[in-house]
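Shown next, in structure tokens, is the structure this report addresses.
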Amino acid sequence: MMTKMRAAALLALLAGPIAVQATPITVDFNVTSTDSSSPNYGAGVVGNGYFTFDDSLIPTGGSGQTGNPILGLTTLDLAFSWYGVSFDETNAKIATLTFADGVLTDWWIGGNYSAPVCGLNRYSCVHSAGLAPDFMILASGGATLNDGVNSGFGSGYGTAQWSVRSPQAEVPEPATLALFGIGLAGIGLVRRRKQSADSNLQLLAVNC
């Protein structure tokens with residue numbers, strides 16, 4: 001009886017934390033400037049980047065939008081470079097994520113800096129009046145950037161292409177880890193029963 005209770009406690013310790021482990025999801029993207037960009041930026045310039053969040057940000061039920069352009073969302077990792085300007089999670093953030101049946105369908109990221117004319121909408125306003133590098137990318141709506149050097153001379157505009165990396169490539173499946181833990185616990189239980197049976201046989205042999 002005690003052996004079974006110990007085995008159950010071990011399984012709970014192994015499976016409990018694993019079941020709630022968050023899975024990181026990474027989005028890779030690139031943007032290409034269009035001829036709507038000001039002459040100071042030019043067309044055909046390609047920028048590349050990625051950002052990472054964990055699946056706890058997926059809305060309950062799997063569909064809907066989370067986040068906002070004022071406060072943004074927790075960003076595990078971010079890198080973006082365009083027109084010779086680079087950003088990371090220290091000066092940029094995910095603003096919103098949109099899902100349908102658990103699948104990412106749209107997203108919005110932007111720089112932490114905002115020009116005085118942008119008000120509270122930090123991740124939704126890039127203005128040529130800005131004195132520091134800033135950008136905004138809405139996957140379904142394109143990209144905007146001001147490098148902080150050409151302030152007052154317009155911005156660079158572009159279209160975005162993106163893809164989602166397979167979460168399985170980031171961390172092992174929780175179910176796989178749980179099964180591994182259960183297997184180890186099962187092996188330990190079998191060994192204990194075998195040792196107990198061997199001890200009983202030795203006692204019987206001595207008594208005989």
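Going through the structure tokens in order, the chains are called A, B, and so on, while each chain numbers its residues from 1 and the ligands are numbered from 1 in the order shown.
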Nearby residues (only C-alpha atoms) at most 9 Å from Ile58 (chain A), same-chain spacing under 4 positions excluded, as a ChimeraX atom specification: /A:54,62-66,97-99,102-104
Polymer residues at most 8 Å from region 24-39 of chain A, only C-alpha atoms, same-chain spacing of 2 or more positions, as a VMD selection string: chain A and resid 22 41 to 55 142 to 143 153 to 167 170 to 171
One-decimal distance in Å that lies between CA of Gly119 (chain A) and CA of Thr105 (chain A):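 Interatomic distance here is 27.8 Å.
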Residue nearest Lys93 (chain A) among A:Pro69, A:Gly141, A:Gly110, A:Pro116 (counting only C-alpha atoms):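 Selected residue with least distance to Lys93 (chain A): A:Gly110.
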One-decimal distance in Å that lies between CA of Asp147 (chain A) and CA of Ile109 (chain A):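 Value for the CA of Ile109 (chain A)-CA of Asp147 (chain A) distance: 16.2 Å.
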DSSP strand (DSSP E) residues within region 58-181 of chain A, as a PyMOL selection string: chain A and resi 64-67+77-82+85-88+92-100+103-111+134-138+142-146+156-164
Close residues, Arg122 (chain A) itself excluded, 12 Å, only C-alpha atoms, min 2 positions apart in chain, as a ChimeraX atom specification: /A:68-72,91-95,108-120,124-127,130,134-136
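Reported to one decimal place, the separation of CA of Ser128 (chain A) from CA of Gly152 (chain A) is 4.8 Å.
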Using only C-alpha atoms: which of A:Asn150, A:Ser56, A:Thr144, A:Thr23 has the shortest distance to Leu73 (chain A):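 So, comparing all the options, the nearest one is A:Ser56.
Closest approach to Gly61 (chain A) among A:Leu138, A:Leu145, A:Ala100, A:Ala79 is made by A:Ala100 (distances from only C-alpha atoms).
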